Every structure is written in structure tokens, then in C-alpha cells.
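Asker: This is my_file.txt (compact mmCIF, C-alpha atoms).
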```txt
# COMPACT_ATOMS: atom_id res chain seq x y z
CA MET C 1 0.00 0.00 0.00
CA ALA C 2 2.83 2.36 0.96
CA ASP C 3 4.60 1.50 -2.28
CA PHE C 4 1.43 2.20 -4.19
CA ASP C 5 1.18 5.66 -2.51
CA ARG C 6 4.82 6.40 -3.25
CA THR C 7 4.30 5.53 -6.91
CA LYS C 8 1.25 7.79 -7.02
CA GLN C 9 3.25 10.59 -5.38
CA GLY C 10 6.05 10.09 -7.89
CA ARG C 11 3.56 10.34 -10.74
CA GLY C 12 2.21 13.53 -9.20
CA LEU C 13 5.70 14.99 -9.11
CA VAL C 14 6.29 14.08 -12.73
CA ALA C 15 2.99 15.74 -13.65
CA ILE C 16 3.98 18.87 -11.74
CA ASP C 17 7.41 18.99 -13.38
CA GLY C 18 5.82 18.54 -16.81
CA ALA C 19 3.31 21.30 -16.14
CA MET C 20 6.08 23.63 -14.98
CA ALA C 21 8.14 22.88 -18.07
CA LEU C 22 5.08 23.72 -20.16
CA ILE C 23 4.63 27.02 -18.26
CA ALA C 24 8.29 27.86 -18.95
CA ILE C 25 7.84 27.15 -22.68
CA LEU C 26 4.68 29.29 -22.76
CA LEU C 27 6.58 32.09 -21.03
CA ILE C 28 9.33 32.00 -23.66
CA VAL C 29 6.70 32.22 -26.41
CA GLN C 30 5.01 35.10 -24.57
CA ILE C 31 8.29 37.01 -24.23
CA TRP C 32 8.83 36.64 -27.96
CA LEU C 33 5.23 37.73 -28.63
CA LEU C 34 5.60 40.83 -26.46
CA SER C 35 8.84 41.91 -28.13
CA ALA C 36 7.43 41.24 -31.62
CA THR C 37 4.25 43.21 -30.85
CA LEU C 38 6.24 46.11 -29.44
CA GLU C 39 8.52 46.15 -32.45
CA ALA C 40 5.55 46.05 -34.85
CA TYR C 41 3.83 48.86 -32.94
CA LEU C 42 6.92 51.05 -32.97
CA ALA C 43 7.30 50.36 -36.70
CA GLY C 44 3.77 51.67 -37.24
CA HIS C 45 2.08 48.32 -37.92
CA VAL C 46 -0.84 48.84 -35.56
CA GLY C 47 -2.72 45.84 -37.00
CA ALA C 48 -0.45 43.43 -35.14
CA VAL C 49 -1.32 44.87 -31.73
CA ILE C 50 -4.79 43.30 -31.24
CA PRO C 51 -3.79 39.70 -32.21
CA GLY C 52 -0.70 40.09 -30.00
CA ALA C 53 -2.84 41.03 -26.99
CA ILE C 54 -5.34 38.22 -27.68
CA PHE C 55 -2.64 35.53 -27.98
CA SER C 56 -0.86 36.88 -24.92
CA GLY C 57 -4.14 36.61 -23.01
CA ILE C 58 -4.60 33.02 -24.19
CA ILE C 59 -1.07 32.15 -23.08
CA PHE C 60 -1.67 33.78 -19.70
CA ALA C 61 -4.91 31.79 -19.34
CA GLY C 62 -2.93 28.63 -20.15
CA CYS C 63 -0.31 29.48 -17.54
CA LEU C 64 -3.03 30.17 -14.98
CA THR C 65 -4.70 26.83 -15.71
CA LEU C 66 -1.38 25.00 -15.38
CA ASN C 67 -0.72 26.87 -12.14
CA PHE C 68 -4.04 25.67 -10.73
CA PHE C 69 -3.17 22.16 -11.88
CA VAL C 70 0.23 22.29 -10.13
CA ASP C 71 -1.47 23.67 -7.02
CA ARG C 72 -4.06 20.91 -6.95
CA VAL C 73 -1.68 18.02 -7.62
CA ASP C 74 0.84 19.35 -5.10
CA ARG C 75 -1.82 19.71 -2.43
CA GLU C 76 -3.21 16.24 -3.12
CA SER C 77 0.24 14.64 -2.94
CA ARG C 78 0.93 16.37 0.40
CA GLN C 79 -2.37 15.23 1.89
CA ARG C 80 -1.57 11.56 1.27
CA MET X 1 18.74 18.16 27.86
CA SER X 2 20.68 20.97 29.44
CA LEU X 3 18.91 23.46 31.67
CA PHE X 4 21.06 26.28 30.38
CA ARG X 5 21.04 27.62 26.93
CA SER X 6 24.20 26.80 24.98
CA PRO X 7 25.98 29.93 23.71
CA SER X 8 25.10 30.62 20.10
CA LYS X 9 24.91 33.59 17.77
CA GLU X 10 21.17 33.19 17.28
CA PRO X 11 18.88 35.27 19.50
CA LEU X 12 16.83 33.48 22.14
CA TRP X 13 13.50 33.86 20.34
CA LYS X 14 14.87 32.01 17.29
CA ASP X 15 15.77 29.01 19.41
CA GLU X 16 12.29 28.89 20.88
CA PHE X 17 10.50 29.52 17.60
CA SER X 18 9.88 26.32 15.68
CA VAL X 19 10.70 27.64 12.20
CA PHE X 20 13.77 26.47 10.33
CA THR X 21 15.40 29.27 8.37
CA SER X 22 16.78 26.91 5.73
CA ASP X 23 13.27 25.57 5.11
CA GLU X 24 11.98 29.11 4.83
CA ARG X 25 14.38 29.84 1.97
CA TYR X 26 13.35 26.71 0.12
CA VAL X 27 11.16 27.59 -2.87
CA THR X 28 8.46 25.01 -3.44
CA ARG X 29 7.25 23.99 -6.87
CA ARG X 30 3.95 25.65 -6.12
CA GLN X 31 5.67 28.99 -5.32
CA PHE X 32 7.81 28.76 -8.43
CA ALA X 33 4.77 28.01 -10.62
CA LYS X 34 3.03 31.02 -9.06
CA PHE X 35 6.03 33.19 -9.82
CA LEU X 36 6.07 32.06 -13.46
CA THR X 37 2.33 32.73 -13.76
CA LEU X 38 2.82 36.22 -12.35
CA ALA X 39 5.55 36.82 -14.93
CA SER X 40 3.06 35.72 -17.60
CA LEU X 41 0.50 38.15 -16.18
CA GLY X 42 3.10 40.93 -16.37
CA MET X 43 3.72 40.23 -20.04
CA PHE X 44 -0.01 40.12 -20.75
CA VAL X 45 -0.36 43.52 -19.06
CA GLY X 46 2.49 44.76 -21.26
CA ASN X 47 0.61 43.63 -24.38
CA LEU X 48 -2.56 45.30 -23.10
CA TRP X 49 -0.61 48.50 -22.46
CA ILE X 50 0.60 48.51 -26.08
CA LEU X 51 -2.99 47.91 -27.23
CA LEU X 52 -4.36 50.79 -25.14
CA LYS X 53 -1.54 53.07 -26.24
CA SER X 54 -2.30 52.36 -29.89
CA ARG X 55 -6.08 52.81 -29.36
CA PHE X 56 -5.93 56.08 -27.45
CA ALA X 57 -2.96 57.68 -29.16
CA LYS X 58 -3.64 61.34 -29.79
CA ASN X 59 -3.73 62.47 -33.38
CA LYS X 60 -0.84 64.77 -33.98
CA THR X 61 -1.54 68.25 -35.19
CA TYR X 62 0.88 69.88 -37.57
CA PRO X 63 1.48 73.53 -38.29
CA ALA X 64 1.32 74.99 -41.82
CA VAL X 65 4.79 76.17 -42.76
CA ASP X 66 5.95 77.91 -45.94
CA VAL X 67 8.65 75.76 -47.47
CA ALA X 68 9.60 77.46 -50.72
CA ASP X 69 8.47 79.58 -53.63
CA VAL X 70 7.15 77.65 -56.62
CA ASN X 71 10.03 78.49 -58.94
CA GLU X 72 12.69 78.63 -56.26
CA ILE X 73 14.19 75.28 -57.21
CA PRO X 74 14.81 73.88 -60.71
CA ILE X 75 13.34 70.62 -62.00
CA ARG X 76 15.17 67.71 -60.30
CA GLY X 77 16.48 70.19 -57.80
CA VAL X 78 16.16 69.84 -54.05
CA LYS X 79 15.62 72.04 -51.07
CA LEU X 80 16.29 71.10 -47.47
CA PHE X 81 13.99 72.36 -44.75
CA THR X 82 12.80 71.43 -41.29
CA TYR X 83 9.26 70.33 -40.47
CA PRO X 84 7.30 70.13 -38.16
CA THR X 85 10.00 71.05 -35.62
CA ILE X 86 13.46 72.48 -36.12
CA GLN X 87 14.95 69.04 -35.32
CA ASP X 88 13.05 67.24 -38.11
CA HIS X 89 15.05 67.64 -41.28
CA CYS X 90 13.23 67.15 -44.57
CA ILE X 91 14.04 67.14 -48.24
CA MET X 92 11.85 68.55 -51.01
CA ILE X 93 12.36 67.50 -54.63
CA ARG X 94 10.90 69.10 -57.71
CA THR X 95 10.15 66.11 -59.91
CA GLY X 96 8.34 67.93 -62.72
CA GLU X 97 7.11 71.30 -63.87
CA ASP X 98 4.35 71.34 -61.26
CA ASP X 99 5.27 68.28 -59.22
CA TYR X 100 6.85 68.53 -55.82
CA VAL X 101 7.43 65.83 -53.24
CA ALA X 102 8.89 66.10 -49.79
CA TYR X 103 10.05 63.46 -47.32
CA SER X 104 11.63 63.24 -43.94
CA GLN X 105 15.37 63.11 -44.39
CA LYS X 106 15.78 60.58 -41.63
CA CYS X 107 16.38 57.05 -42.93
CA THR X 108 13.95 54.57 -41.35
CA HIS X 109 16.81 52.14 -40.76
CA LEU X 110 19.23 53.91 -38.45
CA SER X 111 18.31 57.58 -38.94
CA CYS X 112 21.13 58.62 -41.27
CA SER X 113 20.27 61.52 -43.59
CA VAL X 114 19.07 60.48 -47.03
CA TYR X 115 19.92 62.53 -50.10
CA TYR X 116 18.51 62.76 -53.59
CA SER X 117 20.43 61.10 -56.41
CA ALA X 118 19.35 62.84 -59.62
CA LYS X 119 21.36 60.33 -61.66
CA ASN X 120 19.39 57.34 -60.33
CA ASP X 121 16.22 59.34 -59.57
CA ARG X 122 15.92 57.97 -56.04
CA LEU X 123 16.61 58.88 -52.46
CA GLU X 124 19.72 57.19 -51.13
CA CYS X 125 21.01 56.54 -47.65
CA PRO X 126 24.81 56.47 -47.73
CA CYS X 127 25.20 54.57 -44.46
CA HIS X 128 23.86 51.13 -45.47
CA GLN X 129 22.83 51.59 -49.11
CA GLY X 130 19.12 51.93 -48.44
CA PHE X 131 17.28 53.32 -51.46
CA PHE X 132 13.83 54.93 -51.52
CA SER X 133 11.48 55.74 -54.38
CA VAL X 134 11.03 59.44 -55.15
CA LYS X 135 7.39 58.84 -56.12
CA ASP X 136 6.10 57.57 -52.77
CA GLY X 137 9.09 57.12 -50.47
CA SER X 138 8.79 53.31 -50.55
CA VAL X 139 11.85 51.15 -49.96
CA LEU X 140 13.53 50.05 -53.20
CA GLN X 141 16.51 48.30 -51.72
CA GLY X 142 18.45 47.82 -48.52
CA PRO X 143 17.75 47.39 -44.84
CA PRO X 144 15.17 50.16 -44.11
CA PRO X 145 12.07 48.46 -42.67
CA ARG X 146 9.49 51.00 -43.86
CA PRO X 147 9.01 53.91 -46.27
CA LEU X 148 10.13 57.46 -45.57
CA PRO X 149 7.48 59.63 -43.87
CA GLN X 150 6.02 61.90 -46.52
CA ILE X 151 5.49 65.61 -45.97
CA VAL X 152 2.15 66.69 -47.41
CA LEU X 153 2.56 69.85 -49.47
CA THR X 154 -0.13 72.23 -50.69
CA ARG X 155 0.18 75.16 -53.00
CA ASN X 156 -0.84 78.57 -51.76
CA ASP X 157 -0.47 81.02 -54.68
CA SER X 158 3.24 80.99 -55.34
CA LYS X 159 4.15 79.33 -52.05
CA LEU X 160 4.56 75.65 -51.26
CA VAL X 161 3.24 74.97 -47.80
CA ALA X 162 3.91 71.90 -45.66
CA VAL X 163 0.72 70.96 -43.83
CA SER X 164 1.20 67.50 -42.33
CA VAL X 165 3.31 64.35 -42.17
CA LYS X 166 2.00 61.10 -43.63
CA GLU X 167 3.60 58.09 -41.98
CA ILE X 168 3.01 54.62 -43.38
```
So, in terms of C-alpha cells, how does the structure I just supplied come out?

Answerer:
Amino acid sequence: MADFDRTKQGRGLVAIDGAMALIAILLIVQIWLLSATLEAYLAGHVGAVIPGAIFSGIIFAGCLTLNFFVDRVDRESRQR
Amino acid sequence: MSLFRSPSKEPLWKDEFSVFTSDERYVTRRQFAKFLTLASLGMFVGNLWILLKSRFAKNKTYPAVDVADVNEIPIRGVKLFTYPTIQDHCIMIRTGEDDYVAYSQKCTHLSCSVYYSAKNDRLECPCHQGFFSVKDGSVLQGPPPRPLPQIVLTRNDSKLVAVSVKEI
């Protein structure tokens, strides 16, 4: 039973690490998006500003969801 | 267990308080994920700021400034002037009998001054060989990312008047 719990805990940790890696990748994409939007805006291409903000919002929503996931899995693994 | 406190550098309250400083410094995965999400929020706010800035940017107003007399410069001749402020150098070219065009003299690549090449009938930036069309200021060749801002000219009797700047 204890072994079973430990395996479950290990799986939880792997899930958390995976989620955090995904957040890091999303952050890198978001940094690129912010710099590209700023550059387009300064170059006078105002049309790129709205899609930039929308995609940045989507990425933030993704990060938030992953954060809640990490929070939940971490709490569950501590309760065991 | 000794009745007396062993001499240490820590104050008494730290010995009696059941918090381990090393554990306090330890960043949990949950904290780190929260930090990353906050960074993402910051970047989203940055994108929103750009959006709001582009939406509520004030329209610039330009003064009307006499640039030259109609016959002051010959055909394919140029005149340098400043518009709208004394720091903004511009170049006016007479391309035909009644045709005049004027552009900002600042190259859109790295802000070197462009000059008119009558031989090639184009505006040239000597710094990195960026060439612009005389007709509309569009980029013909080289590294400039966008066309030259065009100065809108109107004719007032025998005067050519700069009235605004058209940026593409």
C-alpha cells in the first residue's frame, strides 16, 4: 500500500514537473510575442497589436490553468 | 537536555520559535509556478498596455509652414527644410514642372540623412545603401524596414506649404 502511494506521489511529481516545463515554454513564447508586438507597434504596424494582446491573453490563461493544476496536484500529494 | 542555553549567535526567540530558516528559503514547486504565472500576467499587461496606447494615441496636429516659392528650385532640384520642428530635417524634390514631393530626411533604418540622387532618380542613404522611391518614399533596396514619412505639401499662390506628415 505504501509502495502504491509512493508511486502515485512520484507520478504527481512528474505531472507537476511537466506542467512547470510547459509554463516555462509558454513564457518564452510570450516574451517573444511581447517583443514582436512592441517592435511592430513602434514600426507603425498597428494591425499586429490586437492579435498580439489576444494571444498573450490566451497564453496567460494557459499558464493560470497549469498553475491551478500544479497547485491541486501538489496539495493532493501532500495530503496523502 | 541541558537546563542552560548553549551559547550561540542566534537570538533566544529564534531558538524557541519552531521555524527552520533553511526551510523558509526553500522555494516550493507551487511557489515557483506562481512566480512564473505572475511573470506571464506581467507580459499580458504589457501587451494590453501597447494595445491601449495604440487605441488612445492622440492624433498629432501639424502647423502649416511655408517651405519654398514655386520656382525657387529647378526641376530635379532639391531644397532642405525642417518640419514640423526644427529638429526634423526634410528634403523637397521638384520632380516635374508642377510636381513637388517632400520626405523626412531621416532614414527609417538607423536615422542617417538620405539625399537625392538625380542620376538614379531615387533617395539614397549612404550609411547602409538603403534606397527609396522618389514617387512615394517606398523602400527600393536595402535594410530600411518601412518607407520614408512623406510631408504633405499644398500650393498657396506661389508658395509651397507643408501641412502635415503622412507616416506609413

Asker: For a quick check of understanding, using all atoms listed in the file, which of X:Arg94, X:Lys106, X:Lys14, X:Arg29 has the smallest distance to chain C?

Answerer: X:Arg29

Asker: Within 6 Å of chain X, which residues of chain C show up when using only C-alpha atoms, listed as a ChimeraX atom specification?

Answerer: /C:49,53,56-57,60,63,67,71

Asker: Show me, as AutoDock Vina command-line options, the centre and edge lengths in Å to one decimal of the axis-aligned box that covers every listed atom of range 44-56 of chain X with 6 Å on each side.

Answerer:
```
--center_x -1.8 --center_y 48.1 --center_z -24.5 --size_x 20.6 --size_y 28.0 --size_z 22.8
```

Asker: Measure the distance from CA of Ala24 in chain C to CA of Leu42 in chain C in Å and round it to one decimal.

Answerer: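 Computing it gives 27.1 Å between the two atoms.
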
Asker: Which residues, protein or nucleic acid, reach to within 6 Å of (3.0, 42.7, -26.2) in the file's coordinates when using only C-alpha atoms, and can you give that as a list in words?

Answerer: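 Counting only C-alpha atoms, I find these residues within 6 Å of (3.0, 42.7, -26.2): Leu33, Leu34, Thr37, Leu38 and Gly52 of chain C; Gly46 and Asn47 of chain X.
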
Asker: Just want the 12 Å neighbourhood of range 58-68 of chain X, counted on all atoms listed in the file, with same-chain residues fewer than 4 positions away dropped. Output as a PyMOL selection string.

Answerer: chain X and resi 52-54+72-74+78-86+90-94+100-102+151-167

Asker: May I ask for the distance between CA of Gly77 in chain X and CA of Ala118 in chain X, given in Å to one decimal place?

Answerer: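 Separation of CA of Gly77 in chain X and CA of Ala118 in chain X: 8.1 Å.
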
Asker: If we count all atoms listed in the file and set the cut-off at 10 Å, which residues sit around His109 in chain X, ignoring sequence neighbours fewer than 5 positions away in its own chain? Please answer as a ChimeraX atom specification.

Answerer: /X:125,127-128,130,142-148

Asker: Using only C-alpha atoms for the distances, tell me which of C:Gln30, C:Ala19, C:Gly12, C:Ala40 is nearest to Ile54 in chain C.

Answerer: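 For Ile54 in chain C, the nearest of the given residues is C:Gln30.
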
Asker: What is the distance between CA of Ala61 in chain C and CA of Arg75 in chain C, in Å to one decimal?

Answerer: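 Those two atoms sit 21.0 Å apart.
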